[in-house]
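Colleague: Got start02.cif for you, mmCIF, C-alpha atoms and all ligand atoms:
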```
data_structure
loop_
_atom_site.label_atom_id
_atom_site.label_comp_id
_atom_site.auth_asym_id
_atom_site.auth_seq_id
_atom_site.Cartn_x
_atom_site.Cartn_y
_atom_site.Cartn_z
CA MET A 1 31.83 147.53 -36.38
CA LEU A 2 32.87 144.26 -34.73
CA GLN A 3 30.78 142.34 -32.24
CA LEU A 4 31.65 139.30 -30.17
CA HIS A 5 28.75 137.87 -28.29
CA SER A 6 29.37 135.26 -25.54
CA VAL A 7 32.20 133.64 -27.47
CA THR A 8 33.57 130.41 -26.04
CA LYS A 9 36.38 128.34 -27.54
CA ARG A 10 37.66 125.05 -26.19
CA TYR A 11 40.67 122.98 -27.14
CA GLY A 12 39.73 119.55 -25.81
CA PRO A 13 39.27 119.93 -22.07
CA LEU A 14 40.79 123.43 -21.99
CA THR A 15 38.53 126.46 -22.21
CA ALA A 16 40.71 129.01 -24.01
CA LEU A 17 37.94 131.65 -24.26
CA ASP A 18 35.10 131.72 -21.82
CA GLY A 19 32.01 133.70 -22.81
CA VAL A 20 33.74 136.81 -24.13
CA SER A 21 31.50 139.68 -25.25
CA LEU A 22 33.01 142.74 -26.84
CA GLU A 23 32.10 145.54 -29.23
CA ILE A 24 34.59 147.51 -31.25
CA ALA A 25 33.65 150.71 -33.02
CA ARG A 26 35.04 151.98 -36.32
CA GLY A 27 38.28 153.91 -35.86
CA GLU A 28 39.22 152.43 -32.49
CA PHE A 29 42.74 151.39 -31.56
CA PHE A 30 41.75 148.57 -29.27
CA GLY A 31 44.23 146.76 -27.04
CA LEU A 32 43.94 143.19 -25.82
CA LEU A 33 46.25 143.03 -22.82
CA GLY A 34 47.04 139.74 -21.10
CA PRO A 35 49.85 137.34 -20.15
CA ASN A 36 50.90 134.14 -21.94
CA GLY A 37 48.00 131.79 -22.54
CA ALA A 38 45.35 134.43 -21.78
CA GLY A 39 43.50 133.73 -25.04
CA LYS A 40 44.70 136.66 -27.17
CA SER A 41 45.71 134.65 -30.25
CA THR A 42 42.59 132.51 -29.94
CA THR A 43 40.49 135.70 -30.01
CA MET A 44 42.39 136.95 -33.06
CA SER A 45 42.03 133.67 -34.93
CA LEU A 46 38.27 133.58 -34.27
CA ILE A 47 37.86 137.16 -35.51
CA ALA A 48 39.99 136.35 -38.54
CA GLY A 49 37.67 133.43 -39.28
CA LEU A 50 40.48 130.89 -38.99
CA ARG A 51 38.61 129.00 -36.29
CA THR A 52 34.98 128.61 -35.29
CA PRO A 53 33.80 129.19 -31.71
CA ASP A 54 32.14 126.37 -29.76
CA SER A 55 29.39 128.81 -28.87
CA GLY A 56 28.63 132.47 -29.31
CA THR A 57 28.69 134.67 -32.41
CA LEU A 58 31.05 137.09 -34.12
CA THR A 59 29.87 139.69 -36.63
CA LEU A 60 31.55 142.39 -38.69
CA ASP A 61 29.20 145.17 -39.77
CA GLY A 62 26.36 142.76 -39.11
CA GLU A 63 27.81 139.96 -41.27
CA PRO A 64 28.77 136.73 -39.54
CA LEU A 65 32.50 136.07 -39.30
CA THR A 66 32.95 132.42 -40.15
CA PRO A 67 35.63 130.49 -42.04
CA ALA A 68 33.14 130.27 -44.94
CA ASN A 69 32.32 133.97 -45.15
CA VAL A 70 34.98 135.16 -47.56
CA SER A 71 33.56 138.65 -48.13
CA ALA A 72 33.69 139.51 -44.42
CA ARG A 73 37.19 138.09 -44.15
CA ALA A 74 38.43 140.23 -47.05
CA ALA A 75 37.70 143.28 -44.89
CA LEU A 76 40.24 142.02 -42.32
CA GLY A 77 44.01 141.90 -42.21
CA LEU A 78 45.83 139.64 -39.75
CA VAL A 79 49.41 140.12 -38.59
CA PRO A 80 50.00 136.74 -36.96
CA GLN A 81 52.05 136.30 -33.80
CA ASN A 82 54.51 134.06 -35.63
CA ILE A 83 56.04 135.65 -38.69
CA ALA A 84 54.41 134.18 -41.79
CA LEU A 85 56.74 134.95 -44.71
CA TYR A 86 58.62 132.86 -47.28
CA ASP A 87 62.12 133.44 -46.07
CA ASP A 88 63.92 132.27 -49.23
CA LEU A 89 62.01 134.90 -51.20
CA SER A 90 62.53 138.66 -51.25
CA ALA A 91 60.21 141.28 -49.76
CA ASP A 92 59.01 142.09 -53.27
CA GLN A 93 58.19 138.46 -54.02
CA ASN A 94 56.46 137.96 -50.68
CA LEU A 95 54.27 141.01 -51.15
CA ARG A 96 53.42 139.96 -54.70
CA ILE A 97 52.17 136.60 -53.38
CA PHE A 98 50.11 138.24 -50.62
CA GLY A 99 48.65 140.77 -53.06
CA GLN A 100 47.77 138.13 -55.64
CA LEU A 101 45.96 136.09 -52.97
CA TYR A 102 43.64 139.07 -52.64
CA GLY A 103 43.19 139.45 -56.39
CA LEU A 104 45.56 142.39 -56.89
CA ARG A 105 47.40 142.48 -60.23
CA GLY A 106 49.59 144.54 -62.54
CA ALA A 107 50.28 148.24 -62.04
CA GLU A 108 48.01 148.53 -59.03
CA LEU A 109 49.80 145.72 -57.22
CA ARG A 110 53.21 147.20 -58.08
CA ALA A 111 52.16 150.63 -56.79
CA ARG A 112 50.87 149.17 -53.52
CA ILE A 113 54.06 147.16 -53.01
CA ASP A 114 56.18 150.29 -53.55
CA GLU A 115 54.04 152.23 -51.11
CA ALA A 116 54.17 149.44 -48.50
CA LEU A 117 57.95 149.07 -48.65
CA GLU A 118 58.43 152.85 -48.39
CA ALA A 119 56.08 153.04 -45.42
CA VAL A 120 58.19 150.63 -43.35
CA GLN A 121 61.59 151.71 -44.66
CA LEU A 122 62.37 148.48 -46.49
CA ALA A 123 62.56 149.82 -50.06
CA ASP A 124 66.35 149.56 -50.21
CA ARG A 125 66.28 145.88 -49.15
CA ARG A 126 63.34 144.82 -51.30
CA ARG A 127 65.29 142.37 -53.48
CA ASP A 128 67.12 140.61 -50.63
CA PRO A 129 65.82 137.28 -49.30
CA VAL A 130 63.78 137.73 -46.14
CA LYS A 131 66.05 135.32 -44.23
CA THR A 132 68.79 137.98 -44.39
CA TYR A 133 66.55 140.49 -42.53
CA SER A 134 66.68 141.28 -38.82
CA GLY A 135 63.72 140.22 -36.67
CA GLY A 136 62.46 143.80 -36.68
CA MET A 137 62.61 144.06 -40.48
CA GLN A 138 60.70 140.79 -40.84
CA ARG A 139 58.05 142.09 -38.43
CA ARG A 140 57.67 145.28 -40.44
CA LEU A 141 57.26 143.31 -43.66
CA ASN A 142 54.76 140.95 -42.01
CA LEU A 143 52.78 144.02 -40.97
CA VAL A 144 52.48 145.62 -44.39
CA ALA A 145 51.76 142.27 -46.01
CA ALA A 146 48.52 142.20 -43.98
CA LEU A 147 47.54 145.64 -45.28
CA LEU A 148 48.14 145.31 -49.04
CA HIS A 149 44.48 144.58 -49.76
CA ARG A 150 43.46 147.65 -47.69
CA PRO A 151 41.36 145.99 -45.02
CA LYS A 152 39.20 148.17 -42.77
CA LEU A 153 40.11 146.20 -39.65
CA LEU A 154 43.68 145.17 -38.80
CA LEU A 155 44.42 142.46 -36.25
CA CYS A 156 47.95 142.71 -34.83
CA ASP A 157 48.93 139.79 -32.63
CA GLU A 158 51.93 140.81 -30.48
CA PRO A 159 53.72 142.44 -33.41
CA THR A 160 56.70 143.70 -31.42
CA VAL A 161 57.94 140.52 -29.75
CA GLY A 162 61.64 140.05 -30.54
CA VAL A 163 61.92 143.48 -32.12
CA ASP A 164 64.70 146.03 -31.53
CA PRO A 165 63.61 149.40 -30.06
CA GLN A 166 64.07 151.23 -33.37
CA SER A 167 61.84 148.85 -35.31
CA ARG A 168 59.35 148.92 -32.45
CA ASN A 169 59.05 152.68 -32.70
CA ALA A 170 58.72 152.43 -36.48
CA ILE A 171 55.86 149.94 -36.01
CA PHE A 172 54.15 152.19 -33.44
CA ASP A 173 54.43 155.29 -35.65
CA PHE A 174 53.17 153.37 -38.66
CA LEU A 175 50.16 151.95 -36.81
CA GLU A 176 49.29 155.28 -35.22
CA ALA A 177 49.37 157.00 -38.61
CA ARG A 178 47.15 154.31 -40.16
CA ASN A 179 44.73 154.56 -37.27
CA ARG A 180 44.54 158.35 -37.67
CA ALA A 181 43.79 157.74 -41.35
CA GLY A 182 40.77 155.65 -40.34
CA LEU A 183 42.01 152.07 -39.93
CA THR A 184 40.44 150.20 -37.02
CA ILE A 185 43.08 148.21 -35.13
CA ILE A 186 42.95 145.41 -32.58
CA TYR A 187 46.35 145.01 -30.99
CA SER A 188 47.30 142.25 -28.57
CA THR A 189 50.20 142.54 -26.20
CA HIS A 190 51.48 141.50 -22.81
CA TYR A 191 53.31 144.83 -22.42
CA MET A 192 51.26 147.34 -20.46
CA GLU A 193 53.51 150.12 -21.82
CA GLU A 194 52.35 149.35 -25.37
CA ALA A 195 48.67 149.27 -24.44
CA THR A 196 49.12 152.52 -22.50
CA ARG A 197 50.83 154.30 -25.36
CA LEU A 198 48.79 153.05 -28.30
CA CYS A 199 45.31 152.08 -27.34
CA SER A 200 42.21 154.24 -27.04
CA ARG A 201 40.45 151.38 -25.25
CA ILE A 202 41.83 148.30 -23.58
CA GLY A 203 40.45 144.89 -22.64
CA ILE A 204 42.27 142.95 -19.94
CA VAL A 205 42.20 139.20 -20.52
CA ASP A 206 43.37 136.30 -18.42
CA HIS A 207 42.49 132.60 -18.52
CA GLY A 208 40.03 133.18 -21.37
CA LYS A 209 38.00 135.81 -19.54
CA LEU A 210 37.64 139.52 -20.16
CA HIS A 211 38.31 140.96 -16.71
CA ALA A 212 37.96 144.65 -17.48
CA LEU A 213 37.26 146.91 -20.44
CA GLY A 214 37.59 150.65 -20.89
CA THR A 215 39.85 153.60 -21.60
CA LEU A 216 43.10 153.78 -19.63
CA ASP A 217 41.59 156.32 -17.23
CA GLU A 218 38.44 154.26 -16.76
CA LEU A 219 40.49 151.16 -16.01
CA LEU A 220 42.81 152.85 -13.54
CA ALA A 221 39.83 154.39 -11.77
CA ARG A 222 38.84 150.84 -10.83
CA LEU A 223 41.76 150.64 -8.45
CA PRO A 224 40.79 151.47 -4.87
CA PHE A 225 43.81 153.74 -4.52
CA GLU A 226 45.41 156.56 -6.47
CA ASP A 227 49.10 157.42 -6.32
CA GLU A 228 51.60 155.37 -4.41
CA ILE A 229 54.21 157.23 -2.43
CA HIS A 230 57.51 155.57 -1.65
CA PHE A 231 60.10 156.66 0.89
CA ALA A 232 63.09 155.16 2.58
CA ALA A 233 62.73 153.51 5.96
CA THR A 234 65.31 155.38 8.06
CA PRO A 235 65.46 156.61 11.64
CA ALA A 236 64.54 160.05 10.24
CA THR A 237 61.25 158.78 8.78
CA ALA A 238 60.29 156.34 11.54
CA ALA A 239 58.01 158.63 13.56
CA PHE A 240 56.35 159.90 10.40
CA ALA A 241 55.75 156.32 9.17
CA THR A 242 54.12 155.41 12.49
CA ALA A 243 51.81 158.44 12.32
CA LEU A 244 51.02 157.75 8.67
CA ALA A 245 50.05 154.15 9.44
CA GLU A 246 47.07 155.54 11.35
CA GLN A 247 45.74 156.97 8.06
CA GLY A 248 46.16 153.84 5.96
CA PRO A 249 48.36 150.78 5.52
CA VAL A 250 52.07 151.44 5.09
CA ALA A 251 53.74 148.45 3.43
CA ARG A 252 57.43 147.69 3.75
CA GLU A 253 59.59 146.14 1.05
CA ASN A 254 63.25 145.87 2.05
CA ASP A 255 64.21 149.42 3.00
CA THR A 256 61.36 151.11 1.16
CA LEU A 257 58.03 152.06 2.68
CA ARG A 258 54.99 152.34 0.45
CA PHE A 259 51.83 154.29 1.15
CA ARG A 260 48.86 154.03 -1.17
CA PHE A 261 46.72 157.09 -1.36
CA PRO A 262 43.10 156.09 -0.86
CA ASN A 263 40.76 157.55 -3.53
CA GLY A 264 39.84 161.10 -2.58
CA ALA A 265 42.51 161.42 0.13
CA LYS A 266 44.10 164.84 0.52
CA LEU A 267 47.72 165.31 -0.51
CA SER A 268 47.92 168.38 1.75
CA SER A 269 47.30 166.35 4.91
CA PHE A 270 50.03 163.89 3.89
CA TYR A 271 52.56 166.69 3.46
CA ALA A 272 51.41 168.47 6.60
CA LEU A 273 52.11 165.29 8.54
CA ALA A 274 55.50 164.94 6.84
CA GLU A 275 56.35 168.54 7.66
CA HIS A 276 55.30 168.02 11.25
CA HIS A 277 57.77 165.14 11.51
CA GLY A 278 60.52 167.02 9.70
CA VAL A 279 60.52 164.78 6.58
CA PRO A 280 61.28 166.88 3.47
CA ALA A 281 59.37 166.58 0.18
CA ARG A 282 62.45 165.22 -1.62
CA ALA A 283 62.24 162.07 0.51
CA PHE A 284 59.18 160.97 -1.49
CA THR A 285 58.73 159.47 -4.92
CA HIS A 286 55.27 159.29 -6.48
CA GLU A 287 54.22 156.39 -8.63
CA ARG A 288 51.17 156.70 -10.83
CA PRO A 289 48.88 153.67 -10.88
CA THR A 290 49.52 151.39 -13.84
CA LEU A 291 47.77 148.67 -15.80
CA GLU A 292 50.23 146.24 -14.23
CA GLY A 293 48.86 147.25 -10.82
CA LEU A 294 45.31 146.86 -12.07
CA PHE A 295 46.05 143.41 -13.50
CA LEU A 296 47.49 142.35 -10.15
CA HIS A 297 44.45 143.79 -8.37
CA LEU A 298 42.00 141.95 -10.68
CA THR A 299 43.73 138.59 -11.01
CA GLY A 300 46.20 138.36 -8.14
CA ARG A 301 48.96 137.74 -10.69
CA THR A 302 51.48 139.85 -12.57
CA LEU A 303 51.44 140.23 -16.35
CA ARG A 304 54.86 138.63 -16.69
CA GLU A 305 54.35 135.52 -14.60
N1 LIG B 401 45.76 124.63 -30.99
C1 LIG B 401 45.68 124.51 -29.68
N2 LIG B 401 45.47 123.33 -29.07
C2 LIG B 401 45.39 123.21 -27.73
N3 LIG B 401 45.49 124.24 -26.87
C3 LIG B 401 45.70 125.45 -27.40
C4 LIG B 401 45.81 125.65 -28.82
N4 LIG B 401 46.02 126.98 -29.04
C5 LIG B 401 46.04 127.56 -27.82
N5 LIG B 401 45.84 126.65 -26.84
C6 LIG B 401 45.76 126.94 -25.39
O1 LIG B 401 44.73 127.91 -25.21
C7 LIG B 401 45.09 128.87 -24.25
C8 LIG B 401 45.05 130.24 -24.89
O2 LIG B 401 46.07 130.30 -25.88
P1 LIG B 401 46.35 131.58 -26.77
O3 LIG B 401 47.37 131.18 -27.76
O4 LIG B 401 45.05 132.10 -27.28
O5 LIG B 401 46.93 132.57 -25.69
P2 LIG B 401 47.72 133.95 -25.91
O6 LIG B 401 47.07 134.95 -25.01
O7 LIG B 401 47.82 134.27 -27.34
O8 LIG B 401 49.16 133.61 -25.31
P3 LIG B 401 50.63 134.11 -25.79
O9 LIG B 401 50.86 135.44 -25.14
O10 LIG B 401 51.53 133.06 -25.21
O11 LIG B 401 50.66 134.16 -27.28
C9 LIG B 401 46.46 128.46 -23.74
O12 LIG B 401 46.29 127.75 -22.55
C10 LIG B 401 47.01 127.59 -24.85
O13 LIG B 401 47.89 126.62 -24.33
MG MG B 402 49.33 134.55 -28.60
#
```
Show me, as structure tokens, the structure contained in the file I just sent.
Ligand SMILES: Nc1ncnc2c1ncn2[C@@H]1O[C@H](COP(=O)(O)OP(=O)(O)OP(=O)(O)O)[C@@H](O)[C@H]1O
Ligand SMILES: [Mg+2]

Modeller:
Amino acid sequence: MLQLHSVTKRYGPLTALDGVSLEIARGEFFGLLGPNGAGKSTTMSLIAGLRTPDSGTLTLDGEPLTPANVSARAALGLVPQNIALYDDLSADQNLRIFGQLYGLRGAELRARIDEALEAVQLADRRRDPVKTYSGGMQRRLNLVAALLHRPKLLLCDEPTVGVDPQSRNAIFDFLEARNRAGLTIIYSTHYMEEATRLCSRIGIVDHGKLHALGTLDELLARLPFEDEIHFAATPATAAFATALAEQGPVARENDTLRFRFPNGAKLSSFYALAEHHGVPARAFTHERPTLEGLFLHLTGRTLRE
């Protein structure tokens, strides 16, 4: 559906996107995961045709995505990172403006506005000025405003920043339902939990480069270790820890020891060794590998730096 080929975008001396190539198929829920300044919003604005790349091409169903190509842009909806609503106006009035921009009128527009407000539980506040809404309510309205014209591809740029947990869940449920109904979604976030929960495929970006691309399982399989096992450093575990260190590195952080299971290593030999040294199973906690761990492995940084 969407193709980015070697896309580069510079702002003066800064290269915000550096040769990014990416293909997104119809029906995907694609996640763009990266920290502040990674290039997520730049990617979104290029796809939305708000900016032109310095080099490379973007196409939607074979049609070039450029600021001039209005027909391709009408197939897209953008939920910008910063809320873009008229805050003196009501939800109703805002949606009417958005709908009219896309040529919707009369009964059809009214029906779509009703449906949109119901979908994000704002029907009872529809006549109140947007400035009286909570951050989460504004986010929900911003989201449906981008969908009024029924685009086939929705771009969501960090739509849950500054949102209370209840609104966040409402946004997730809403997007998941729309995706099941056929909407293709590109979702940017710096929360690995969101990418993990929502996205069928994830691209990891940092400093304008796409560092990895795949399903969650494919991405985690790139780590050279599987589970991590943590246990307390105590006199009771000391002999075990020494023996374990012969099988692989045991790292120490304060009073916790961490052992990373090499790919393919046998859990049974780990527990046999523990049993031999009299360390019970309850001494251990397992941690599954995460996208945070992968990001650290790929870039040497954490997502929240
Ligand atoms: N209009 C602009 N002029 C100059 N530099 C810009 C402009 N927009 C973005 N940048 C720079 O380009 C880089 C990528 O920015 P971008 O906004 O795409 O990142 P992001 O991943 O969306 O970050 P965030 O999570 O903070 O929203 C950053 O270094 C940013 O400072
Ligand atoms: Mg951004």

Colleague: Mind pulling up the distance from atom CA of A:Thr196 to atom CA of A:Leu220?

Modeller: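 Atom CA of A:Leu220 sits 11.0 Å away from atom CA of A:Thr196.
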
Colleague: Can you work out which one of A:Glu158, A:Glu228, A:Glu275, A:Asp18 has the shortest atom-to-atom distance to ligand MG 402 (chain B), counting only C-alpha atoms and all ligand atoms?

Modeller: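 Smallest distance to ligand MG 402 (chain B) is found for A:Glu158.
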
Colleague: To one decimal place, how far is atom CA of A:Gly99 from atom CA of A:Leu148 in Å?

Modeller: 6.1 Å

Colleague: Please indicate the distance in Å from atom CA of A:Leu291 to atom N4 of ligand LIG 401 (chain B), rounded to one decimal place.

Modeller: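 These atoms are spaced 25.5 Å apart.
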
Colleague: So, with only C-alpha atoms and all ligand atoms as the atoms that count, which of A:His190, A:Lys9, A:Arg127, A:His207 lies closest to ligand MG 402 (chain B)?

Modeller: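 Ranking A:His190, A:Lys9, A:Arg127, A:His207 by distance to ligand MG 402 (chain B), first place goes to A:His190.
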
Colleague: Show me, as a list in words, the residues that have an atom within 8 Å of stretch 167-171 of chain A when counting all atoms listed in the file, minus same-chain residues fewer than 3 positions from it.

Modeller: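 The contact residues come out as Val120, Gly136, Met137, Arg140, Thr160, Val163, Asp164, Phe174 and Leu175 of chain A.
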
Colleague: Which residue gives the smallest distance to A:Met1 among A:Thr184, A:Thr189, A:Thr215, A:Thr302, with only C-alpha atoms counted?

Modeller: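 Among the listed residues, the smallest separation from A:Met1 belongs to A:Thr184.
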
Colleague: Quick one: residues within 12 Å of ligand MG 402 (chain B), with all atoms listed in the file, as a ChimeraX atom specification?

Modeller: /A:16,32-45,79-82,156-159,161,187-190,205-206,208

Colleague: Which residue, A:Leu95, A:Leu76, A:Ala239, A:Leu210, has the smallest gap to ligand LIG 401 (chain B) when you use all atoms listed in the file?

Modeller: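 That would be A:Leu210, the residue with the smallest distance to ligand LIG 401 (chain B).
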
Colleague: Of the residues A:Lys209, A:Ala274, A:Leu141, A:Ala177, which is the one nearest to ligand LIG 401 (chain B), using all atoms listed in the file?

Modeller: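 For ligand LIG 401 (chain B), the nearest of the candidates is A:Lys209.
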
Colleague: Extending 6 Å beyond the listed atoms of ligand LIG 401 (chain B) on each side, what axis-aligned box results? I want centre and edge lengths in Å to one decimal, as AutoDock Vina command-line options.

Modeller:
```
--center_x 48.1 --center_y 129.3 --center_z -26.8 --size_x 18.8 --size_y 24.2 --size_z 20.4
```
